[in-house]
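Undergrad: Got final33.cif for you, mmCIF, C-alpha atoms:
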```
data_upload
loop_
_atom_site.label_atom_id
_atom_site.label_comp_id
_atom_site.auth_asym_id
_atom_site.auth_seq_id
_atom_site.Cartn_x
_atom_site.Cartn_y
_atom_site.Cartn_z
CA MET A 1 12.22 -23.56 -6.53
CA ARG A 2 11.80 -19.80 -6.43
CA ASP A 3 8.48 -18.11 -7.07
CA ASP A 4 8.10 -15.90 -10.09
CA PRO A 5 9.00 -12.51 -8.52
CA CYS A 6 6.34 -10.89 -10.66
CA SER A 7 3.70 -12.97 -8.85
CA HIS A 8 2.24 -12.28 -5.40
CA GLY A 9 4.55 -14.87 -3.79
CA LEU A 10 3.43 -15.83 -0.30
CA TRP A 11 0.19 -13.87 -0.51
CA GLU A 12 -0.96 -15.83 -3.56
CA ARG A 13 -0.17 -19.09 -1.75
CA THR A 14 -2.09 -18.26 1.42
CA ALA A 15 -5.00 -16.01 0.37
CA PRO A 16 -8.53 -17.36 0.02
CA ALA A 17 -9.54 -17.80 -3.61
CA ALA A 18 -10.60 -14.71 -5.53
CA PRO A 19 -14.30 -14.35 -6.27
CA ARG A 20 -15.37 -15.63 -9.66
CA THR A 21 -15.10 -12.93 -12.33
CA GLY A 22 -14.83 -12.91 -16.10
CA VAL A 23 -13.82 -10.88 -19.12
CA LEU A 24 -16.03 -8.00 -20.22
CA GLU A 25 -17.63 -8.96 -23.52
CA GLY A 26 -19.97 -6.66 -25.42
CA GLU A 27 -21.32 -3.28 -24.39
CA THR A 28 -22.67 -2.32 -20.98
CA THR A 29 -23.54 0.83 -19.07
CA ALA A 30 -23.01 2.04 -15.51
CA GLU A 31 -23.22 5.19 -13.48
CA VAL A 32 -19.49 4.96 -12.65
CA ALA A 33 -16.76 3.03 -14.47
CA ILE A 34 -13.70 2.24 -12.34
CA VAL A 35 -10.39 1.24 -13.88
CA GLY A 36 -8.26 -0.85 -11.54
CA ALA A 37 -9.12 -3.50 -8.93
CA GLY A 38 -6.80 -2.44 -6.14
CA TYR A 39 -7.71 -0.91 -2.80
CA THR A 40 -8.90 2.45 -4.15
CA GLY A 41 -10.93 1.03 -7.00
CA LEU A 42 -12.52 -1.75 -4.96
CA SER A 43 -13.26 0.52 -2.00
CA THR A 44 -14.87 3.04 -4.35
CA ALA A 45 -16.96 0.30 -5.95
CA LEU A 46 -18.03 -1.13 -2.60
CA HIS A 47 -19.10 2.19 -1.14
CA LEU A 48 -20.88 3.26 -4.34
CA ALA A 49 -22.73 -0.05 -4.44
CA GLU A 50 -23.74 0.33 -0.79
CA ARG A 51 -25.41 3.58 -1.85
CA GLY A 52 -27.24 1.86 -4.69
CA ILE A 53 -25.04 3.45 -7.38
CA ASP A 54 -24.25 1.16 -10.33
CA ALA A 55 -20.47 0.68 -10.57
CA VAL A 56 -18.40 -1.42 -12.97
CA VAL A 57 -14.73 -2.24 -12.28
CA LEU A 58 -12.35 -3.04 -15.15
CA GLU A 59 -9.15 -4.85 -14.18
CA ALA A 60 -6.42 -5.55 -16.73
CA VAL A 61 -5.15 -8.74 -15.10
CA GLU A 62 -6.66 -9.96 -11.81
CA ILE A 63 -7.97 -8.59 -8.52
CA GLY A 64 -5.08 -7.13 -6.51
CA PHE A 65 -2.57 -7.67 -9.33
CA GLY A 66 -0.64 -4.44 -8.63
CA GLY A 67 0.55 -3.00 -5.34
CA ALA A 68 -2.50 -4.33 -3.49
CA GLY A 69 -1.21 -7.87 -3.82
CA ARG A 70 2.52 -7.22 -3.42
CA ASN A 71 2.98 -5.00 -0.37
CA VAL A 72 4.15 -5.93 3.13
CA GLY A 73 0.68 -5.75 4.69
CA LEU A 74 1.28 -2.90 7.16
CA VAL A 75 -1.93 -0.96 7.82
CA ASN A 76 -0.54 2.38 8.93
CA ALA A 77 -2.06 5.70 9.90
CA GLY A 78 -0.76 8.85 8.24
CA MET A 79 1.84 9.18 5.49
CA TRP A 80 5.64 9.34 5.49
CA VAL A 81 5.30 13.10 5.90
CA MET A 82 4.98 14.16 9.53
CA PRO A 83 1.77 16.00 10.48
CA ASP A 84 3.43 19.41 10.86
CA GLN A 85 5.03 19.18 7.42
CA LEU A 86 1.76 18.06 5.89
CA VAL A 87 0.01 21.14 7.28
CA ALA A 88 2.89 23.35 6.10
CA THR A 89 2.46 21.95 2.57
CA LEU A 90 -1.34 21.97 2.31
CA GLY A 91 -2.40 24.62 4.80
CA ALA A 92 -4.23 24.30 8.10
CA ASP A 93 -7.74 23.55 6.77
CA GLN A 94 -6.94 21.10 4.02
CA GLY A 95 -3.99 19.63 5.90
CA GLY A 96 -6.15 19.13 8.97
CA ARG A 97 -8.80 17.28 6.97
CA LEU A 98 -6.20 15.02 5.36
CA ILE A 99 -4.54 14.25 8.71
CA ALA A 100 -7.92 13.39 10.23
CA LEU A 101 -8.78 11.07 7.34
CA LEU A 102 -5.41 9.32 7.38
CA ALA A 103 -5.44 9.02 11.18
CA GLU A 104 -8.67 7.03 11.06
CA GLY A 105 -7.66 5.07 7.95
CA PRO A 106 -6.78 1.85 9.82
CA ALA A 107 -10.07 2.00 11.74
CA ARG A 108 -11.92 2.11 8.42
CA VAL A 109 -10.05 -0.99 7.29
CA TRP A 110 -10.83 -2.89 10.50
CA ASP A 111 -14.49 -1.86 10.23
CA ILE A 112 -14.82 -3.14 6.64
CA VAL A 113 -13.08 -6.39 7.56
CA ARG A 114 -15.50 -6.89 10.47
CA ARG A 115 -18.70 -5.89 8.66
CA HIS A 116 -18.02 -8.04 5.61
CA GLY A 117 -16.34 -10.95 7.36
CA ILE A 118 -13.14 -10.70 5.31
CA ASP A 119 -10.64 -13.46 6.10
CA CYS A 120 -7.34 -11.58 5.74
CA GLU A 121 -5.39 -12.27 8.94
CA ALA A 122 -6.35 -8.82 10.27
CA THR A 123 -4.23 -8.08 13.35
CA PRO A 124 -5.04 -4.60 14.76
CA THR A 125 -2.33 -4.66 17.45
CA GLY A 126 -0.29 -1.74 16.12
CA THR A 127 2.93 -1.20 14.17
CA LEU A 128 6.47 -0.37 15.28
CA HIS A 129 8.59 2.30 13.59
CA THR A 130 12.03 1.22 14.74
CA ALA A 131 14.84 3.72 15.33
CA VAL A 132 18.28 3.11 13.80
CA GLY A 133 20.88 4.98 15.86
CA PRO A 134 20.63 8.48 17.36
CA SER A 135 19.20 10.04 14.21
CA GLY A 136 16.49 7.40 14.04
CA TRP A 137 15.62 7.96 17.68
CA ALA A 138 15.34 11.70 17.03
CA GLU A 139 12.99 11.01 14.10
CA VAL A 140 10.59 8.71 15.94
CA SER A 141 10.68 11.03 18.98
CA GLU A 142 9.54 13.93 16.82
CA ARG A 143 6.85 11.81 15.17
CA ALA A 144 5.60 10.79 18.61
CA ARG A 145 5.55 14.41 19.78
CA GLN A 146 3.52 15.59 16.79
CA TRP A 147 1.00 12.73 16.84
CA GLN A 148 0.57 12.87 20.62
CA ARG A 149 -0.18 16.58 20.36
CA LEU A 150 -3.04 15.59 18.06
CA GLY A 151 -4.30 13.02 20.56
CA ALA A 152 -3.17 9.92 18.66
CA PRO A 153 -2.58 6.72 20.69
CA VAL A 154 1.14 6.47 19.93
CA GLU A 155 3.84 5.57 22.43
CA LEU A 156 7.58 6.20 22.33
CA LEU A 157 9.46 3.10 23.47
CA PRO A 158 13.01 3.37 24.88
CA PRO A 159 15.56 0.70 23.85
CA ASP A 160 14.69 -1.92 26.49
CA ALA A 161 10.94 -1.70 25.94
CA ALA A 162 11.41 -1.71 22.18
CA ALA A 163 13.68 -4.77 22.35
CA GLU A 164 11.02 -6.63 24.32
CA MET A 165 8.30 -5.86 21.76
CA ILE A 166 10.50 -6.47 18.72
CA GLY A 167 12.54 -9.41 19.89
CA SER A 168 15.78 -7.70 18.89
CA LYS A 169 18.29 -5.44 20.63
CA VAL A 170 19.65 -3.72 17.52
CA TYR A 171 17.35 -0.69 17.66
CA ALA A 172 17.66 2.56 19.62
CA GLY A 173 13.95 2.54 20.39
CA ALA A 174 10.65 2.53 18.52
CA LEU A 175 7.35 4.33 18.01
CA LEU A 176 4.34 2.12 18.71
CA ASP A 177 1.17 3.21 16.88
CA ARG A 178 -1.80 1.38 18.35
CA ARG A 179 -4.16 2.51 15.57
CA ALA A 180 -2.31 0.38 13.05
CA GLY A 181 -1.68 -3.33 12.42
CA THR A 182 -1.16 -5.93 9.71
CA ILE A 183 -3.22 -7.87 7.19
CA GLN A 184 -2.72 -10.39 4.43
CA PRO A 185 -2.88 -7.76 1.69
CA LEU A 186 -4.04 -9.87 -1.27
CA ALA A 187 -6.68 -11.56 0.89
CA TYR A 188 -7.96 -8.11 1.87
CA ALA A 189 -8.17 -7.00 -1.79
CA ARG A 190 -10.05 -10.16 -2.71
CA GLY A 191 -12.33 -9.66 0.28
CA LEU A 192 -13.09 -6.10 -0.81
CA ALA A 193 -13.96 -7.42 -4.26
CA ARG A 194 -16.24 -10.10 -2.81
CA ALA A 195 -17.97 -7.49 -0.64
CA ALA A 196 -18.42 -5.12 -3.59
CA LEU A 197 -19.91 -7.91 -5.71
CA GLY A 198 -22.24 -8.80 -2.85
CA GLN A 199 -23.54 -5.24 -2.81
CA GLY A 200 -24.23 -5.26 -6.55
CA ALA A 201 -21.05 -3.91 -8.14
CA ARG A 202 -19.73 -5.67 -11.26
CA ILE A 203 -16.06 -6.59 -11.69
CA PHE A 204 -14.44 -7.73 -14.92
CA THR A 205 -10.91 -9.13 -14.92
CA GLY A 206 -8.63 -9.76 -17.88
CA SER A 207 -10.22 -6.60 -19.28
CA PRO A 208 -7.65 -3.81 -19.72
CA ALA A 209 -9.08 -0.38 -20.45
CA THR A 210 -7.52 0.51 -23.80
CA GLY A 211 -9.54 3.52 -24.90
CA LEU A 212 -11.55 6.43 -23.53
CA GLN A 213 -13.86 8.53 -25.68
CA ARG A 214 -16.35 11.26 -24.80
CA GLN A 215 -19.89 10.68 -25.99
CA GLY A 216 -21.79 13.84 -25.15
CA ALA A 217 -22.14 13.95 -21.36
CA LEU A 218 -20.93 10.34 -21.08
CA TRP A 219 -17.63 8.49 -21.39
CA ARG A 220 -17.06 5.21 -23.20
CA VAL A 221 -14.26 3.04 -21.83
CA THR A 222 -13.24 0.33 -24.27
CA THR A 223 -11.54 -2.99 -23.64
CA PRO A 224 -10.33 -5.60 -26.16
CA ALA A 225 -13.71 -7.37 -26.12
CA GLY A 226 -16.21 -4.79 -24.89
CA SER A 227 -16.97 -1.35 -23.50
CA VAL A 228 -18.58 0.46 -20.58
CA THR A 229 -20.44 3.73 -21.05
CA ALA A 230 -20.69 5.79 -17.85
CA ARG A 231 -21.28 9.32 -16.63
CA ARG A 232 -18.15 9.28 -14.44
CA VAL A 233 -14.85 7.41 -14.65
CA VAL A 234 -12.43 6.68 -11.80
CA MET A 235 -8.82 5.90 -12.71
CA ALA A 236 -7.59 3.77 -9.80
CA THR A 237 -4.41 2.36 -11.35
CA ASP A 238 -1.71 4.40 -9.54
CA ALA A 239 1.77 2.92 -10.11
CA TYR A 240 0.36 0.24 -12.43
CA THR A 241 -1.22 2.64 -14.92
CA ARG A 242 -0.90 1.22 -18.42
CA HIS A 243 -2.97 2.28 -21.43
CA LEU A 244 -4.99 5.25 -20.23
CA ALA A 245 -4.09 8.50 -18.45
CA PRO A 246 -0.29 8.25 -18.83
CA GLU A 247 -0.04 11.53 -16.92
CA ILE A 248 -0.76 9.52 -13.75
CA ARG A 249 2.47 7.60 -14.38
CA THR A 250 4.66 10.51 -15.46
CA GLN A 251 4.01 12.53 -12.29
CA GLN A 252 5.42 9.72 -10.15
CA VAL A 253 8.80 8.08 -9.65
CA PHE A 254 8.60 4.33 -9.18
CA LEU A 255 10.35 2.75 -6.23
CA PRO A 256 10.87 -1.04 -6.45
CA TYR A 257 10.23 -2.97 -3.24
CA PHE A 258 10.70 -6.67 -2.56
CA ASN A 259 9.64 -9.12 0.12
CA LEU A 260 11.05 -12.51 1.07
CA ALA A 261 9.24 -14.99 3.29
CA THR A 262 10.97 -17.65 5.36
CA GLU A 263 9.69 -21.10 6.07
CA PRO A 264 7.41 -21.17 9.16
CA LEU A 265 9.50 -20.58 12.26
CA PRO A 266 9.35 -23.06 15.14
CA ASP A 267 6.85 -22.00 17.79
CA ASP A 268 9.52 -21.47 20.47
CA VAL A 269 11.44 -19.13 18.14
CA ALA A 270 8.34 -17.30 16.88
CA ARG A 271 7.30 -16.51 20.46
CA THR A 272 10.49 -14.44 20.87
CA ILE A 273 9.85 -12.26 17.79
CA LEU A 274 7.13 -9.59 17.71
CA PRO A 275 5.14 -11.36 20.45
CA GLY A 276 2.33 -8.80 20.04
CA ARG A 277 2.23 -9.49 16.29
CA GLN A 278 2.98 -5.91 15.32
CA GLY A 279 4.65 -5.25 11.99
CA GLY A 280 7.79 -3.11 11.86
CA TRP A 281 9.92 -0.97 9.60
CA ASP A 282 13.00 1.09 10.35
CA THR A 283 14.12 4.69 9.86
CA GLN A 284 16.82 4.00 7.27
CA GLU A 285 16.46 5.70 3.87
CA VAL A 286 16.82 2.25 2.27
CA LEU A 287 14.47 0.85 4.84
CA THR A 288 13.90 -2.66 6.17
CA SER A 289 10.43 -4.01 6.99
CA PHE A 290 9.50 -7.15 8.90
CA ARG A 291 6.46 -8.99 10.22
CA LEU A 292 5.14 -12.50 10.87
CA ASP A 293 2.23 -14.07 9.06
CA ARG A 294 -0.37 -16.41 10.56
CA GLN A 295 1.88 -19.45 10.03
CA ASN A 296 4.90 -17.76 11.70
CA ARG A 297 6.73 -17.02 8.47
CA MET A 298 8.97 -13.98 8.71
CA VAL A 299 8.18 -11.58 5.86
CA PHE A 300 11.29 -9.45 5.35
CA GLY A 301 11.55 -6.65 2.79
CA SER A 302 13.44 -3.66 1.51
CA VAL A 303 13.94 -1.39 -1.48
CA GLY A 304 14.89 -3.23 -4.67
CA ALA A 305 13.69 -5.63 -7.34
CA LEU A 306 14.30 -9.38 -7.39
CA ARG A 307 15.50 -9.47 -10.98
CA ASN A 308 18.83 -9.55 -12.82
CA SER A 309 21.74 -8.72 -10.49
CA GLY A 310 19.35 -7.45 -7.82
CA ASP A 311 17.98 -10.93 -7.20
CA LEU A 312 21.27 -12.28 -5.83
CA VAL A 313 22.29 -9.04 -4.10
CA HIS A 314 19.02 -8.49 -2.24
CA ARG A 315 18.57 -12.12 -1.21
CA ALA A 316 22.13 -12.32 0.15
CA TRP A 317 21.65 -9.05 2.05
CA ALA A 318 18.33 -10.26 3.50
CA ARG A 319 19.94 -13.42 4.89
CA ARG A 320 22.71 -11.40 6.56
CA ALA A 321 20.32 -8.76 7.88
CA LEU A 322 17.92 -11.31 9.31
CA ARG A 323 20.72 -13.14 11.11
CA ARG A 324 21.89 -9.84 12.59
CA ILE A 325 18.47 -8.51 13.65
CA PHE A 326 16.93 -11.81 14.74
CA PRO A 327 19.81 -14.21 15.45
CA GLN A 328 17.41 -16.59 17.22
CA ILE A 329 16.10 -17.63 13.79
CA GLY A 330 19.36 -19.42 13.02
CA ALA A 331 19.87 -20.58 9.43
CA VAL A 332 17.68 -18.47 7.14
CA LYS A 333 15.69 -20.35 4.50
CA PHE A 334 13.45 -18.31 2.24
CA GLN A 335 10.38 -20.08 0.94
CA THR A 336 9.21 -17.44 -1.53
CA GLY A 337 10.00 -13.96 -2.83
CA TRP A 338 8.26 -11.28 -4.88
CA PHE A 339 8.43 -7.57 -5.65
CA GLY A 340 6.37 -4.66 -6.92
CA GLN A 341 6.59 -0.92 -7.39
CA ILE A 342 5.54 2.06 -5.31
CA GLY A 343 4.45 5.37 -6.83
CA MET A 344 6.37 8.23 -5.18
CA THR A 345 5.49 11.92 -5.53
CA GLY A 346 7.78 14.90 -5.06
CA ASP A 347 6.34 15.89 -1.67
CA ASN A 348 5.47 12.32 -0.55
CA LEU A 349 1.77 13.17 -0.51
CA PRO A 350 -1.03 11.59 -2.57
CA ARG A 351 -2.84 13.36 -5.38
CA PHE A 352 -6.49 13.83 -6.29
CA HIS A 353 -7.02 14.64 -9.97
CA ARG A 354 -9.93 15.75 -12.08
CA LEU A 355 -8.37 14.69 -15.36
CA ASP A 356 -11.38 15.93 -17.34
CA GLU A 357 -15.01 16.63 -16.62
CA GLY A 358 -16.26 13.47 -14.94
CA ILE A 359 -12.87 11.70 -14.78
CA TYR A 360 -11.20 11.39 -11.37
CA SER A 361 -8.18 9.74 -9.81
CA PHE A 362 -6.46 9.29 -6.44
CA CYS A 363 -2.84 8.15 -6.71
CA GLY A 364 0.66 8.56 -5.28
CA TYR A 365 0.35 6.70 -1.98
CA ASN A 366 4.13 6.64 -1.45
CA GLY A 367 4.11 3.17 0.10
CA ARG A 368 1.02 3.73 2.27
CA GLY A 369 -1.70 2.26 0.09
CA ILE A 370 -3.82 0.02 2.32
CA ALA A 371 -5.51 2.42 4.73
CA PRO A 372 -5.32 5.57 2.54
CA GLY A 373 -6.54 3.66 -0.53
CA THR A 374 -9.48 2.32 1.44
CA ALA A 375 -10.26 5.72 2.94
CA PHE A 376 -9.96 7.63 -0.34
CA GLY A 377 -12.27 5.11 -2.00
CA GLN A 378 -14.88 5.86 0.64
CA VAL A 379 -14.38 9.59 0.20
CA LEU A 380 -14.60 9.36 -3.57
CA ALA A 381 -17.84 7.37 -3.33
CA GLY A 382 -19.24 10.05 -1.06
CA TYR A 383 -18.13 12.79 -3.45
CA LEU A 384 -19.56 11.08 -6.55
CA SER A 385 -22.85 10.43 -4.76
CA GLY A 386 -23.16 14.10 -3.81
CA GLU A 387 -22.84 13.49 -0.07
CA ILE A 388 -19.42 15.18 0.26
CA PRO A 389 -19.03 18.64 -1.31
CA GLU A 390 -15.79 19.37 -3.11
CA ALA A 391 -14.88 22.02 -0.54
CA HIS A 392 -14.78 19.30 2.14
CA LEU A 393 -12.52 16.88 0.28
CA PRO A 394 -9.21 16.07 1.99
CA LEU A 395 -7.33 16.98 -1.20
CA ARG A 396 -8.20 19.61 -3.79
CA PRO A 397 -8.42 18.47 -7.41
CA CYS A 398 -5.26 19.29 -9.34
CA GLN A 399 -3.67 18.55 -12.70
CA PRO A 400 -0.76 16.09 -12.90
CA GLN A 401 2.70 17.60 -13.14
CA PRO A 402 5.43 15.41 -14.70
CA ALA A 403 8.22 14.41 -12.30
CA ALA A 404 11.63 15.65 -13.39
CA PHE A 405 13.94 12.88 -14.63
CA GLY A 406 11.47 10.25 -13.44
CA ARG A 407 12.99 7.26 -15.23
CA LEU A 408 16.53 8.14 -14.22
CA ARG A 409 15.49 8.56 -10.60
CA ALA A 410 13.63 5.23 -10.67
CA ALA A 411 16.74 3.48 -11.98
CA GLY A 412 18.72 5.25 -9.25
CA PHE A 413 16.55 3.70 -6.54
CA GLU A 414 17.54 0.20 -7.63
CA ILE A 415 21.22 1.08 -8.08
CA GLY A 416 21.31 2.78 -4.68
CA ALA A 417 19.55 -0.11 -2.96
CA GLN A 418 21.99 -2.61 -4.45
CA MET A 419 24.95 -0.52 -3.31
CA VAL A 420 23.59 -0.28 0.23
CA HIS A 421 22.83 -3.98 0.36
CA LEU A 422 26.25 -4.89 -1.02
CA VAL A 423 28.03 -2.76 1.55
CA ASP A 424 25.67 -4.07 4.25
CA ALA A 425 26.97 -1.54 6.75
CA ARG A 426 26.40 -2.65 10.32
CA ARG A 427 23.84 -0.46 12.04
#
```
Could you write out this file's structure as structure tokens?

TA:
Amino acid sequence: MRDDPCSHGLWERTAPAAPRTGVLEGETTAEVAIVGAGYTGLSTALHLAERGIDAVVLEAVEIGFGGAGRNVGLVNAGMWVMPDQLVATLGADQGGRLIALLAEGPARVWDIVRRHGIDCEATPTGTLHTAVGPSGWAEVSERARQWQRLGAPVELLPPDAAAEMIGSKVYAGALLDRRAGTIQPLAYARGLARAALGQGARIFTGSPATGLQRQGALWRVTTPAGSVTARRVVMATDAYTRHLAPEIRTQQVFLPYFNLATEPLPDDVARTILPGRQGGWDTQEVLTSFRLDRQNRMVFGSVGALRNSGDLVHRAWARRALRRIFPQIGAVKFQTGWFGQIGMTGDNLPRFHRLDEGIYSFCGYNGRGIAPGTAFGQVLAGYLSGEIPEAHLPLRPCQPQPAAFGRLRAAGFEIGAQMVHLVDARR
């Protein structure tokens, strides 16, 4: 029986239970109200609480309901944009600060996991960006050149070395980033929530923020059964923004992404695939991602949604692709599948907004939410506590700008992914 693709699939099955939370009922106050219990919201709450600042988190559904509980679990450094292009877009000073923050993003994740004892299958052994053909090799070679110039511990692997680390000979090489790694993403979100609660933050689930009104120097965030009055508000809803701040949604184009997990592979087969337990993704525009979980399940994903015609198309493609990339697996049997959506911006860079006086938001992670979301939550806590001046923030506050033809482009992602997966061109 297939999982509900709107659920967290494998991650829901294997994550430790979420901490006990409840619905917000009645009126309460806080120094900071945070809307959204994903990586950014929970990291902000944790790091505010560690400073003794009263923070309340409002989550519409459950902890990690959005992208935090649906992604592949790759903890990567940097963004899709290469360092040189990032500096060209933001300038040397601001671009340099953002690169430095993103470069150390995985280290921040590993540190939080260690300090708070979060059981999330953390595997800091690196990730592999795998090259498809000559153009893919040129791309990873340039990424390696730029990161190595900045002193990053990345290594360019020629075909034979890449094949040994991947367990497949289909790639033209790979870029190994030793800063990175993998986690069980929903377990990490739940662990962040547990850590934040332990430090004194309050989290309310099943409590969608439905209204926002100014009350003098304060803001009142209302839910169906209660309200929070706070001096500052953090909108940490990104691609799952619903009732409030629709401008966060309209500035992004939503990319659907699915994952399928096999049954646990036999030990002798699993030893031949990603023996160092790195996670991987390739250089194709309609990319493929792959990794093993703790029980040796292959988690295999790509662009698309497991619904309507896409369900059959993407599952059939995944079986063919897995047999081609990892023929040692043999007959492919998927145990569970799920999908979510990624918020994409025009320049593939995140955004920091001051939506109004005292209302802030980081969003637009472009498929790199784990480490950047964690890092930006730490930065935002430092900014709200007065420890980090605005001039030293990695992104300058800006106003949202609607994406042109956003809905049409989002529909185009799914149509394009289905076409690619139907053609299933050998690569």

Undergrad: Please report as JSON lines every residue of region 62-97 of chain A lying within 12 Å of region 301-323 of chain A, along with the nearest atom pair and their distance in Å (one decimal), using all atoms listed in the file.

TA:
```
{"residue": "A:Arg70", "atom": "CA", "partner": "A:Gly301", "partner_atom": "CA", "distance": 11.0}
{"residue": "A:Asn71", "atom": "CA", "partner": "A:Gly301", "partner_atom": "CA", "distance": 9.3}
{"residue": "A:Val72", "atom": "CA", "partner": "A:Gly301", "partner_atom": "CA", "distance": 7.4}
{"residue": "A:Gly73", "atom": "CA", "partner": "A:Gly301", "partner_atom": "CA", "distance": 11.1}
{"residue": "A:Leu74", "atom": "CA", "partner": "A:Gly301", "partner_atom": "CA", "distance": 11.8}
```

Undergrad: Those residues you just picked out, can you put them in a file as an mmCIF file, in the coordinates of the input with C-alpha atoms?

TA:
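File produced: out_13.cif:
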```cif
data_model
loop_
_atom_site.group_PDB
_atom_site.id
_atom_site.type_symbol
_atom_site.label_atom_id
_atom_site.label_comp_id
_atom_site.auth_asym_id
_atom_site.auth_seq_id
_atom_site.Cartn_x
_atom_site.Cartn_y
_atom_site.Cartn_z
ATOM 1 C CA ARG A 70 2.520 -7.220 -3.420
ATOM 2 C CA ASN A 71 2.980 -5.000 -0.370
ATOM 3 C CA VAL A 72 4.150 -5.930 3.130
ATOM 4 C CA GLY A 73 0.680 -5.750 4.690
ATOM 5 C CA LEU A 74 1.280 -2.900 7.160
#
```

Undergrad: Which one of A:Ala77, A:Ala201, A:Leu255, A:Ala174 sits closest to Gly416 (chain A) if you count all atoms listed in the file?

TA: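 Closest to Gly416 (chain A), using all atoms listed in the file: A:Leu255.
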
Undergrad: With all atoms listed in the file as the atoms that count, which of A:Gly198, A:Gly66, A:Gly367, A:Gly211 lies nearest to Val81 (chain A)?

TA: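 Under the stated criterion, the closest residue is A:Gly367.
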
Undergrad: So how far away is CA of Glu12 (chain A) from CA of Gly64 (chain A), in Å?

TA: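 Calculated distance between CA of Gly64 (chain A) and CA of Glu12 (chain A) is 10.1 Å.
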
Undergrad: Evaluate the PyMOL selection byres ((chain A and resi 171) around 8) here and jot the selected residues down as a VMD selection string.

TA: chain A and resid 130 to 133 159 162 to 163 168 to 170 172 to 174

Undergrad: What would the selection look like, as number ranges by chain, if the PyMOL selection byres ((chain A and resi 336) around 12) were run on the coordinates I just shared?

TA: A: 1-14, 258-264, 297-301, 306, 315, 333-335, 337-339

Undergrad: Please write the residues from the selection above to a file, keeping C-alpha atoms, as a PDB file, keeping the file's coordinate frame.

TA:
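The new file selection_8.pdb reads:
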```pdb
ATOM      1  CA  MET A   1      12.220 -23.560  -6.530  1.00  0.00           C
ATOM      2  CA  ARG A   2      11.800 -19.800  -6.430  1.00  0.00           C
ATOM      3  CA  ASP A   3       8.480 -18.110  -7.070  1.00  0.00           C
ATOM      4  CA  ASP A   4       8.100 -15.900 -10.090  1.00  0.00           C
ATOM      5  CA  PRO A   5       9.000 -12.510  -8.520  1.00  0.00           C
ATOM      6  CA  CYS A   6       6.340 -10.890 -10.660  1.00  0.00           C
ATOM      7  CA  SER A   7       3.700 -12.970  -8.850  1.00  0.00           C
ATOM      8  CA  HIS A   8       2.240 -12.280  -5.400  1.00  0.00           C
ATOM      9  CA  GLY A   9       4.550 -14.870  -3.790  1.00  0.00           C
ATOM     10  CA  LEU A  10       3.430 -15.830  -0.300  1.00  0.00           C
ATOM     11  CA  TRP A  11       0.190 -13.870  -0.510  1.00  0.00           C
ATOM     12  CA  GLU A  12      -0.960 -15.830  -3.560  1.00  0.00           C
ATOM     13  CA  ARG A  13      -0.170 -19.090  -1.750  1.00  0.00           C
ATOM     14  CA  THR A  14      -2.090 -18.260   1.420  1.00  0.00           C
ATOM     15  CA  PHE A 258      10.700  -6.670  -2.560  1.00  0.00           C
ATOM     16  CA  ASN A 259       9.640  -9.120   0.120  1.00  0.00           C
ATOM     17  CA  LEU A 260      11.050 -12.510   1.070  1.00  0.00           C
ATOM     18  CA  ALA A 261       9.240 -14.990   3.290  1.00  0.00           C
ATOM     19  CA  THR A 262      10.970 -17.650   5.360  1.00  0.00           C
ATOM     20  CA  GLU A 263       9.690 -21.100   6.070  1.00  0.00           C
ATOM     21  CA  PRO A 264       7.410 -21.170   9.160  1.00  0.00           C
ATOM     22  CA  ARG A 297       6.730 -17.020   8.470  1.00  0.00           C
ATOM     23  CA  MET A 298       8.970 -13.980   8.710  1.00  0.00           C
ATOM     24  CA  VAL A 299       8.180 -11.580   5.860  1.00  0.00           C
ATOM     25  CA  PHE A 300      11.290  -9.450   5.350  1.00  0.00           C
ATOM     26  CA  GLY A 301      11.550  -6.650   2.790  1.00  0.00           C
ATOM     27  CA  LEU A 306      14.300  -9.380  -7.390  1.00  0.00           C
ATOM     28  CA  ARG A 315      18.570 -12.120  -1.210  1.00  0.00           C
ATOM     29  CA  LYS A 333      15.690 -20.350   4.500  1.00  0.00           C
ATOM     30  CA  PHE A 334      13.450 -18.310   2.240  1.00  0.00           C
ATOM     31  CA  GLN A 335      10.380 -20.080   0.940  1.00  0.00           C
ATOM     32  CA  GLY A 337      10.000 -13.960  -2.830  1.00  0.00           C
ATOM     33  CA  TRP A 338       8.260 -11.280  -4.880  1.00  0.00           C
ATOM     34  CA  PHE A 339       8.430  -7.570  -5.650  1.00  0.00           C
TER      35      PHE A 339
END
```

Undergrad: For the atom pair CA of Asp93 (chain A) and CA of Phe352 (chain A), what is the interatomic distance in Å to one decimal place?

TA: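 These atoms are spaced 16.3 Å apart.
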
Undergrad: If we count all atoms listed in the file and set the cut-off at 7 Å, which residues sit around Gly377 (chain A), ignoring sequence neighbours fewer than 5 positions away in its own chain? Please answer as a list in words.

TA: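 Neighbouring residues, sequence-local ones excluded: Thr40, Gly41, Ser43 and Thr44 of chain A.
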
Undergrad: Create the file for the chosen residues now, containing C-alpha atoms and written as a PDB file, in the frame of the given file.

TA:
```pdb
ATOM      1  CA  THR A  40      -8.900   2.450  -4.150  1.00  0.00           C
ATOM      2  CA  GLY A  41     -10.930   1.030  -7.000  1.00  0.00           C
ATOM      3  CA  SER A  43     -13.260   0.520  -2.000  1.00  0.00           C
ATOM      4  CA  THR A  44     -14.870   3.040  -4.350  1.00  0.00           C
TER       5      THR A  44
END
```

Undergrad: List the spatial neighbours of Pro224 (chain A) as a PyMOL selection string - criterion: any atom at most 12 Å away, all atoms listed in the file, same-chain residues fewer than 2 positions off excluded.

TA: chain A and resi 23-27+58+60+205-211+221-222+226-228+243
